[in-house]
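Asks: Dropping in coords-v7.txt, with compact mmCIF, C-alpha atoms and all ligand atoms.
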# COMPACT_ATOMS: atom_id res chain seq x y z
CA MET O 552 138.75 74.20 70.93
CA LEU O 553 137.32 71.17 69.15
CA ILE O 554 135.22 71.64 66.03
CA LEU O 555 132.37 69.16 66.13
CA ASP O 556 132.51 68.37 62.45
CA GLY O 557 129.22 67.02 61.17
CA LYS O 558 130.88 65.72 58.02
CA ILE O 559 133.03 63.35 60.06
CA ALA O 560 130.37 62.24 62.55
CA SER O 561 127.64 61.79 59.94
CA ARG O 562 130.02 59.89 57.65
CA ALA O 563 130.57 57.33 60.39
CA VAL O 564 126.81 56.81 60.79
CA ILE O 565 126.12 56.72 57.05
CA ASP O 566 128.92 54.21 56.39
CA THR O 567 127.59 51.89 59.10
CA LEU O 568 124.09 52.09 57.59
CA LYS O 569 125.50 51.41 54.12
CA THR O 570 127.17 48.23 55.35
CA GLU O 571 123.97 47.08 57.04
CA VAL O 572 121.93 47.67 53.90
CA GLU O 573 124.47 45.76 51.81
CA GLN O 574 124.02 42.82 54.18
CA ILE O 575 120.22 43.04 53.92
CA LYS O 576 120.42 43.05 50.13
CA LEU O 577 122.74 40.03 50.15
CA THR O 578 120.07 38.04 51.94
CA GLY O 579 117.64 38.86 49.12
CA LYS O 580 115.28 40.78 51.37
CA ARG O 581 113.25 43.82 50.35
CA THR O 582 115.10 47.17 50.40
CA PRO O 583 114.26 49.75 53.13
CA HIS O 584 112.24 52.58 51.59
CA LEU O 585 111.57 56.18 52.65
CA ALA O 586 108.73 58.27 51.24
CA ALA O 587 108.98 62.05 51.46
CA ILE O 588 106.14 64.45 50.77
CA LEU O 589 107.10 67.95 49.68
CA ILE O 590 104.38 70.55 49.34
CA GLY O 591 104.82 73.74 47.34
CA ASN O 592 108.21 75.16 46.45
CA ASN O 593 109.84 76.52 49.58
CA GLY O 594 113.54 76.83 48.67
CA ALA O 595 114.90 75.60 52.00
CA SER O 596 112.50 72.61 52.08
CA GLU O 597 113.51 71.71 48.51
CA THR O 598 117.16 71.66 49.58
CA TYR O 599 116.53 69.53 52.67
CA VAL O 600 114.36 66.99 50.87
CA ALA O 601 116.85 66.73 48.00
CA SER O 602 119.57 65.97 50.53
CA LYS O 603 117.42 63.32 52.22
CA VAL O 604 116.76 61.60 48.88
CA LYS O 605 120.45 61.80 47.94
CA HIS O 606 121.45 60.13 51.20
CA CYS O 607 118.86 57.37 50.66
CA ASP O 608 120.50 56.67 47.30
CA GLU O 609 123.94 56.63 48.83
CA ILE O 610 123.00 54.23 51.61
CA GLY O 611 121.07 51.97 49.28
CA PHE O 612 117.57 52.76 50.54
CA GLY O 613 114.77 53.14 48.07
CA SER O 614 113.07 56.53 48.14
CA THR O 615 109.91 58.08 46.76
CA LEU O 616 109.50 61.83 46.54
CA ILE O 617 105.89 62.95 46.28
CA ARG O 618 105.56 66.58 45.23
CA LEU O 619 102.21 68.25 45.83
CA ALA O 620 100.95 71.73 44.90
CA ASP O 621 100.63 74.18 47.78
CA ASN O 622 96.88 74.51 47.17
CA ILE O 623 96.31 70.83 47.98
CA SER O 624 93.55 70.32 50.56
CA GLU O 625 94.19 68.82 53.96
CA ALA O 626 91.90 65.90 53.05
CA GLU O 627 93.87 65.17 49.85
CA LEU O 628 97.14 65.26 51.75
CA ILE O 629 95.76 62.89 54.39
CA ALA O 630 94.56 60.56 51.61
CA THR O 631 98.12 60.48 50.19
CA ILE O 632 99.52 59.68 53.64
CA THR O 633 96.93 56.92 54.12
CA GLU O 634 98.03 55.30 50.86
CA LEU O 635 101.63 55.32 52.09
CA ASN O 636 100.53 53.94 55.49
CA ASN O 637 98.90 51.03 53.66
CA ASN O 638 101.78 50.42 51.25
CA ASP O 639 103.89 47.51 52.56
CA ALA O 640 106.87 48.58 50.43
CA ILE O 641 107.17 51.89 52.38
CA ASP O 642 108.91 51.84 55.77
CA GLY O 643 109.18 55.52 56.64
CA ILE O 644 107.00 58.52 55.82
CA LEU O 645 107.95 62.15 56.27
CA VAL O 646 106.02 65.26 55.40
CA GLN O 647 108.44 68.15 55.06
CA LEU O 648 107.50 71.11 57.27
CA PRO O 649 106.45 73.89 57.23
CA LEU O 650 103.07 73.27 55.61
CA PRO O 651 100.88 75.82 53.82
CA LYS O 652 98.84 77.83 56.34
CA HIS O 653 95.49 76.25 55.44
CA ILE O 654 96.70 72.80 56.52
CA SER O 655 96.86 71.75 60.17
CA GLU O 656 100.31 70.43 60.99
CA GLN O 657 98.89 68.48 63.91
CA ASN O 658 96.27 66.71 61.74
CA ILE O 659 98.93 65.75 59.22
CA ILE O 660 101.35 64.42 61.80
CA MET O 661 98.54 62.41 63.41
CA ALA O 662 97.64 60.87 60.04
CA ILE O 663 101.00 59.11 59.78
CA ASN O 664 101.10 55.54 61.06
CA PRO O 665 103.33 55.74 64.19
CA ALA O 666 105.17 52.62 62.95
CA LYS O 667 106.33 54.67 59.92
CA ASP O 668 106.81 57.99 61.77
CA VAL O 669 110.54 58.38 61.05
CA ASP O 670 110.39 62.09 61.97
CA GLY O 671 109.26 61.11 65.47
CA PHE O 672 106.66 63.90 65.55
CA HIS O 673 103.55 61.76 66.18
CA PRO O 674 102.20 62.05 69.75
CA VAL O 675 102.72 58.29 70.17
CA SER O 676 106.42 58.72 69.36
CA VAL O 677 106.74 61.79 71.60
CA GLY O 678 104.96 60.02 74.46
CA LYS O 679 107.36 57.09 74.22
CA LEU O 680 110.33 59.46 74.14
CA VAL O 681 109.13 61.19 77.31
CA GLN O 682 108.76 57.83 79.06
CA GLY O 683 112.18 56.62 77.92
CA LEU O 684 110.73 53.86 75.73
CA PRO O 685 112.26 52.83 72.38
CA THR O 686 110.83 55.03 69.64
CA PHE O 687 111.71 57.26 66.71
CA ILE O 688 113.67 60.22 68.04
CA PRO O 689 113.16 63.41 66.00
CA ALA O 690 116.03 63.57 63.54
CA THR O 691 117.77 66.76 64.69
CA PRO O 692 117.93 65.95 68.42
CA TYR O 693 118.83 62.37 67.47
CA GLY O 694 121.62 63.67 65.25
CA ILE O 695 122.91 65.86 68.08
CA MET O 696 122.98 62.86 70.44
CA LEU O 697 124.92 60.91 67.77
CA MET O 698 127.31 63.85 67.49
CA LEU O 699 127.87 63.96 71.29
CA GLU O 700 128.50 60.21 71.20
CA HIS O 701 130.88 60.39 68.22
CA PHE O 702 133.05 63.03 69.91
CA ASN O 703 132.54 61.48 73.36
CA ILE O 704 131.35 64.72 74.96
CA THR O 705 130.74 64.36 78.69
CA THR O 706 127.16 65.27 79.56
CA LYS O 707 126.54 63.52 82.90
CA GLY O 708 126.02 66.04 85.69
CA LYS O 709 126.40 69.02 83.36
CA HIS O 710 124.03 71.95 83.09
CA ALA O 711 122.59 72.06 79.58
CA VAL O 712 120.80 75.19 78.43
CA VAL O 713 118.46 74.61 75.49
CA ILE O 714 117.30 77.79 73.76
CA GLY O 715 114.02 77.09 71.97
CA ARG O 716 111.10 74.81 72.83
CA SER O 717 109.91 73.63 69.41
CA ASN O 718 108.45 70.17 68.94
CA ILE O 719 111.08 69.51 66.27
CA VAL O 720 114.22 70.38 68.25
CA GLY O 721 114.15 72.20 71.61
CA ARG O 722 111.55 70.14 73.48
CA PRO O 723 112.80 66.66 72.48
CA MET O 724 116.40 67.81 72.94
CA SER O 725 115.65 68.84 76.53
CA ILE O 726 114.07 65.44 77.20
CA LEU O 727 117.01 63.51 75.75
CA LEU O 728 119.66 65.52 77.60
CA SER O 729 117.85 65.06 80.92
CA SER O 730 117.19 61.33 80.36
CA ASN O 731 118.99 58.65 82.31
CA GLN O 732 120.99 57.32 79.38
CA PRO O 733 124.45 57.67 77.84
CA TYR O 734 124.98 61.28 76.72
CA GLY O 735 122.07 62.34 78.93
CA ASN O 736 121.92 62.90 82.69
CA CYS O 737 122.20 66.66 82.35
CA THR O 738 120.35 69.22 84.43
CA VAL O 739 118.42 71.00 81.70
CA THR O 740 117.07 74.53 81.50
CA VAL O 741 114.78 75.32 78.58
CA CYS O 742 114.80 79.00 77.56
CA HIS O 743 112.30 80.60 75.19
CA SER O 744 110.89 83.93 74.08
CA HIS O 745 109.43 84.66 77.55
CA THR O 746 112.65 83.97 79.45
CA PRO O 747 113.61 87.36 80.94
CA ASN O 748 117.19 86.65 82.04
CA LEU O 749 118.30 84.53 79.10
CA ASN O 750 121.86 85.89 79.01
CA GLU O 751 122.47 85.01 82.67
CA ILE O 752 121.07 81.51 82.23
CA CYS O 753 123.13 80.88 79.10
CA LEU O 754 126.24 81.94 80.99
CA GLN O 755 125.58 79.08 83.44
CA GLY O 756 125.44 76.47 80.67
CA ASP O 757 128.16 73.85 80.41
CA ILE O 758 126.37 72.84 77.22
CA ILE O 759 124.32 75.27 75.12
CA VAL O 760 121.97 74.08 72.41
CA ALA O 761 120.87 77.07 70.34
CA ALA O 762 117.65 76.20 68.49
CA LEU O 763 115.62 79.38 68.28
CA GLY O 764 116.08 80.19 64.59
CA ARG O 765 117.58 83.68 64.89
CA ALA O 766 120.84 84.30 63.07
CA GLU O 767 123.84 84.90 65.35
CA PHE O 768 121.67 85.36 68.46
CA VAL O 769 124.15 83.78 70.90
CA LYS O 770 127.02 86.20 71.49
CA ALA O 771 130.35 85.68 73.26
CA ASN O 772 129.14 87.45 76.43
CA MET O 773 126.42 84.77 76.83
CA VAL O 774 128.82 81.82 76.81
CA LYS O 775 130.85 80.47 79.72
CA GLU O 776 134.54 79.82 79.06
CA GLY O 777 134.93 76.13 78.09
CA ALA O 778 131.26 75.51 77.26
CA VAL O 779 130.18 73.05 74.55
CA VAL O 780 128.04 74.90 71.99
CA ILE O 781 125.64 73.13 69.62
CA ASP O 782 124.25 75.40 66.92
CA VAL O 783 121.02 74.21 65.31
CA GLY O 784 120.30 77.42 63.37
CA ILE O 785 120.16 77.49 59.58
CA THR O 786 118.79 80.91 58.67
CA ARG O 787 119.20 82.23 55.14
CA VAL O 788 120.54 85.79 55.40
CA GLU O 789 120.53 87.91 52.24
CA ASP O 790 123.99 88.70 50.95
CA PRO O 791 124.38 90.11 47.42
CA THR O 792 128.08 89.14 47.43
CA ALA O 793 127.20 85.44 47.87
CA LYS O 794 126.73 83.28 44.77
CA LYS O 795 123.18 82.25 45.73
CA GLY O 796 122.28 85.73 47.03
CA TYR O 797 122.20 84.49 50.64
CA ARG O 798 124.42 82.91 53.26
CA ILE O 799 123.47 80.30 55.84
CA LYS O 800 123.90 81.62 59.38
CA GLY O 801 123.66 79.69 62.60
CA ASP O 802 122.02 80.85 65.83
CA VAL O 803 125.51 81.43 67.25
CA ALA O 804 127.88 84.29 66.36
CA TYR O 805 130.53 81.70 65.56
CA ASN O 806 133.61 83.91 65.15
CA GLU O 807 133.30 85.57 68.54
CA VAL O 808 131.88 82.56 70.43
CA ALA O 809 134.13 79.73 69.15
CA PRO O 810 137.34 80.87 70.94
CA ARG O 811 135.53 80.73 74.32
CA THR O 812 134.26 77.17 73.86
CA SER O 813 135.79 73.74 74.42
CA ALA O 814 133.79 72.40 71.45
CA ILE O 815 131.43 73.92 68.92
CA THR O 816 129.47 72.85 65.84
CA PRO O 817 130.04 74.88 62.66
CA VAL O 818 127.22 76.10 60.38
CA PRO O 819 127.03 74.77 57.76
CA GLY O 820 128.72 71.41 58.23
CA GLY O 821 127.54 70.69 61.77
CA VAL O 822 124.11 69.68 63.04
CA GLY O 823 122.45 69.79 59.58
CA LEU O 824 124.37 66.74 58.40
CA MET O 825 123.61 64.93 61.65
CA THR O 826 119.88 65.49 61.11
CA ILE O 827 120.09 63.47 57.91
CA ALA O 828 122.04 60.76 59.73
CA GLY O 829 119.31 60.60 62.41
CA LEU O 830 116.57 60.32 59.81
CA MET O 831 118.42 57.56 57.95
CA LYS O 832 118.88 55.58 61.18
CA ASN O 833 115.18 55.95 61.92
CA THR O 834 114.32 54.65 58.45
CA LEU O 835 116.35 51.50 58.96
CA GLN O 836 114.82 51.10 62.42
CA ALA O 837 111.32 51.33 60.89
CA TYR O 838 112.25 48.74 58.27
CA LYS O 839 113.57 46.32 60.87
CA ALA O 840 110.48 46.67 63.08
CA ILE O 841 108.06 46.29 60.16
CA GLY O 842 110.05 43.43 58.64
CA LYS O 843 109.59 41.30 61.74
N1 LIG G 901 111.37 70.99 58.72
C1 LIG G 901 112.43 71.38 59.45
N2 LIG G 901 112.99 70.30 60.08
C2 LIG G 901 112.26 69.23 59.71
C3 LIG G 901 112.35 67.85 60.02
O1 LIG G 901 113.20 67.38 60.77
N3 LIG G 901 111.40 67.05 59.43
C4 LIG G 901 110.44 67.54 58.62
N4 LIG G 901 109.55 66.70 58.13
N5 LIG G 901 110.32 68.82 58.33
C5 LIG G 901 111.24 69.66 58.87
Please express what this file holds, its structure, as structure tokens.
Replies:
Amino acid sequence: MLILDGKIASRAVIDTLKTEVEQIKLTGKRTPHLAAILIGNNGASETYVASKVKHCDEIGFGSTLIRLADNISEAELIATITELNNNDAIDGILVQLPLPKHISEQNIIMAINPAKDVDGFHPVSVGKLVQGLPTFIPATPYGIMLMLEHFNITTKGKHAVVIGRSNIVGRPMSILLSSNQPYGNCTVTVCHSHTPNLNEICLQGDIIVAALGRAEFVKANMVKEGAVVIDVGITRVEDPTAKKGYRIKGDVAYNEVAPRTSAITPVPGGVGLMTIAGLMKNTLQAYKAIGK
């Protein structure tokens, strides 16, 4: 059984980006720059955004973190995004999700200039993805594709079962795995909360992508011997014995599932790190396109 180590695969991507940015700086050009908007003080969002900023620093990107109170109005948030859209020094814009309930996620995503949509959530980006056109691929599915590539996992002709149909992970993942491209060409089944025979379908998966957000949902009896299992889950589960008072659990019951697999991502240390790598690649891509 191969552990698909996100530390190793993301390091390879980050190091390549670092080298590219060094080259850009040597030519005296402007530095690529990511702007992140963080609203309120959701603990998980704080952690993710801090990690994104830290990786920008490491690669040599500039970064701006804009923190806004969770009672900000939708109009004020859109005004902030518009300023970033119009700022030529900013290449990529991300608004960390989830948003406070009084703000429409769709309106916010639509306010971002598609040329700076490094999360790949804008309908223009999604439309291009569906049609197989170059675009920003949402960071988590992108990271998973980079992981499959790094470990040279065969996907062509395989049956991939994606559990979850979110705009952030499940839906774009299903599109990528079914696309006619390297590390695509799978037959894809998308399972969700209304799938009655989920266990049976999972058992048919040569590749399982678990992205439903329920700790340890995928059990050993749902996984075919030799399957490749990609665990996207990062649920905080209370644990008084843990230093922080919680532990991060994946969507897969790792200890019982791992021995059945041919390859599996750990949590933490798997897909999460690849998400950052995907976002960083998108930021450089935005810079290059805007710089032209
Ligand atoms: N919340 C959970 N995942 C993501 C992501 O990939 N991007 C943003 N902006 N918010 C998220």
Asks: Could you please determine the separation between CA of Gly756 (chain O) and CA of Ile714 (chain O) in Å, to one decimal place?
Replies: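 Computed distance, CA of Gly756 (chain O) to CA of Ile714 (chain O), equals 10.8 Å.
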Asks: Taking only C-alpha atoms and all ligand atoms into account, report as JSON, numbers by chain which residues have an atom no farther than 10 Å from an atom of ligand LIG 901 (chain G).
Replies: {"O": [587, 588, 589, 595, 596, 599, 600, 644, 645, 646, 647, 648, 649, 650, 660, 668, 669, 670, 671, 672, 689, 690, 691, 692, 718, 719, 720, 785, 823, 826, 827, 829, 830]}
Asks: Would you kindly return, as a ChimeraX atom specification, each protein, DNA or RNA residue with an atom no farther than 10 Å from any atom of Val783 (chain O), considering all atoms listed in the file and excluding same-chain residues fewer than 4 positions away?
Replies: /O:691-692,695,714,720-721,760-764,800-803,816-819,821-823,826
Asks: Selected residues, C-alpha atoms, written as a compact mmCIF listing (two decimals), in the coordinates of the input, please.
Replies:
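Output saved as again14.txt:
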# COMPACT_ATOMS: atom_id res chain seq x y z
CA THR O 691 117.77 66.76 64.69
CA PRO O 692 117.93 65.95 68.42
CA ILE O 695 122.91 65.86 68.08
CA ILE O 714 117.30 77.79 73.76
CA VAL O 720 114.22 70.38 68.25
CA GLY O 721 114.15 72.20 71.61
CA VAL O 760 121.97 74.08 72.41
CA ALA O 761 120.87 77.07 70.34
CA ALA O 762 117.65 76.20 68.49
CA LEU O 763 115.62 79.38 68.28
CA GLY O 764 116.08 80.19 64.59
CA LYS O 800 123.90 81.62 59.38
CA GLY O 801 123.66 79.69 62.60
CA ASP O 802 122.02 80.85 65.83
CA VAL O 803 125.51 81.43 67.25
CA THR O 816 129.47 72.85 65.84
CA PRO O 817 130.04 74.88 62.66
CA VAL O 818 127.22 76.10 60.38
CA PRO O 819 127.03 74.77 57.76
CA GLY O 821 127.54 70.69 61.77
CA VAL O 822 124.11 69.68 63.04
CA GLY O 823 122.45 69.79 59.58
CA THR O 826 119.88 65.49 61.11
Asks: Around region 563-580 of chain O, fit a box with edges along x, y and z, padding it by 8 Å on each side, then list its centre and edge lengths in Å to one decimal as lines of an AutoDock Vina configuration file.
Replies:
center_x = 122.9
center_y = 47.7
center_z = 55.0
size_x = 31.3
size_y = 35.3
size_z = 27.7
Asks: What does the distance from CA of Cys737 (chain O) to CA of Ile704 (chain O) come to in Å, to one decimal?
Replies: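 Taking CA of Cys737 (chain O) as the start and CA of Ile704 (chain O) as the end point, the length is 11.9 Å.
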Asks: Rank O:Ala662, O:Ile781, O:Ile815, O:Ala601 by their smallest atom-to-atom distance to Ala626 (chain O), using only C-alpha atoms, and report the top residue only.
Replies: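 Ranking O:Ala662, O:Ile781, O:Ile815, O:Ala601 by distance to Ala626 (chain O), first place goes to O:Ala662.
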Asks: So what do you get for CA of Ile759 (chain O) versus CA of Ala809 (chain O), distance-wise?
Replies: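 We find that CA of Ile759 (chain O) and CA of Ala809 (chain O) lie 12.3 Å from each other.
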Asks: Can you work out which one of O:Ala804, O:Leu680, O:Leu619, O:Leu749 has the shortest atom-to-atom distance to Ser725 (chain O), counting all atoms listed in the file?
Replies: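 Looking only at the distances to Ser725 (chain O), the closest residue turns out to be O:Leu680.
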Asks: I need the residue nearest Glu767 (chain O) from this list: O:Ala711, O:Ala793, O:Val808, O:Ile610. Use all atoms listed in the file for the distance.
Replies: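 Counting all atoms listed in the file, the residue closest to Glu767 (chain O) is O:Val808.
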Asks: So, counting all atoms listed in the file, which residue among O:Val572, O:Met825, O:Cys753, O:Ile654 is closest to Ile629 (chain O)?
Replies: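 Answer, going by the shortest atom-to-atom distance: O:Ile654.
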Asks: With all atoms listed in the file as the basis for distance, which of O:Leu577, O:Val712, O:Val788, O:Leu727 is at the shortest distance from Arg765 (chain O)?
Replies: O:Val788
Asks: Select all residues near (122.1, 75.2, 82.3) (cut-off 12 Å, inclusive, file coordinates), counting all atoms listed in the file, and output them as an MDAnalysis selection string.
Replies: chainID O and resid 706 708:714 725 728:729 737:742 749:760 773:775 778:780
Asks: I need the residue nearest Gly694 (chain O) from this list: O:Val564, O:Leu835, O:Ile575, O:Ala640. Use all atoms listed in the file for the distance.
Replies: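 Of the candidates, the smallest distance to Gly694 (chain O) is held by O:Val564.
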Asks: If I put a ball of radius 10 Å at (94.0, 69.4, 52.6) in the file's coordinates, which residues poke into it when counting only C-alpha atoms, written as number ranges by chain?
Replies: O: 621-630, 651, 653-655, 658-659
Asks: Which neighbours of Ala563 (chain O) fall inside 9 Å, counting only C-alpha atoms, when residues of the same chain fewer than 5 positions from it are skipped, and could you give them as a short mmCIF file (atom, residue, chain, number, x, y, z; two decimals) with C-alpha atoms, in the frame of the given file?
Replies:
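Produced file selection_24.cif, reproduced below:
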data_model
loop_
_atom_site.label_atom_id
_atom_site.label_comp_id
_atom_site.auth_asym_id
_atom_site.auth_seq_id
_atom_site.Cartn_x
_atom_site.Cartn_y
_atom_site.Cartn_z
CA LYS O 558 130.88 65.72 58.02
CA LEU O 568 124.09 52.09 57.59
CA HIS O 701 130.88 60.39 68.22
#
Asks: If we count all atoms listed in the file, what is near Ala840 (chain O) at a cut-off of 12 Å, once residues fewer than 4 positions away on the same chain are taken out, given as an mmCIF file with C-alpha atoms, in the frame of the given file?
Replies:
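Result went into around.cif, see below:
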data_model
loop_
_atom_site.group_PDB
_atom_site.id
_atom_site.type_symbol
_atom_site.label_atom_id
_atom_site.label_comp_id
_atom_site.auth_asym_id
_atom_site.auth_seq_id
_atom_site.Cartn_x
_atom_site.Cartn_y
_atom_site.Cartn_z
ATOM 1 C CA PRO O 583 114.260 49.750 53.130
ATOM 2 C CA ASP O 642 108.910 51.840 55.770
ATOM 3 C CA GLY O 643 109.180 55.520 56.640
ATOM 4 C CA PRO O 665 103.330 55.740 64.190
ATOM 5 C CA ALA O 666 105.170 52.620 62.950
ATOM 6 C CA LYS O 667 106.330 54.670 59.920
ATOM 7 C CA ASP O 668 106.810 57.990 61.770
ATOM 8 C CA VAL O 669 110.540 58.380 61.050
ATOM 9 C CA PRO O 685 112.260 52.830 72.380
ATOM 10 C CA THR O 686 110.830 55.030 69.640
ATOM 11 C CA PHE O 687 111.710 57.260 66.710
ATOM 12 C CA ASN O 833 115.180 55.950 61.920
ATOM 13 C CA THR O 834 114.320 54.650 58.450
ATOM 14 C CA LEU O 835 116.350 51.500 58.960
ATOM 15 C CA GLN O 836 114.820 51.100 62.420
#
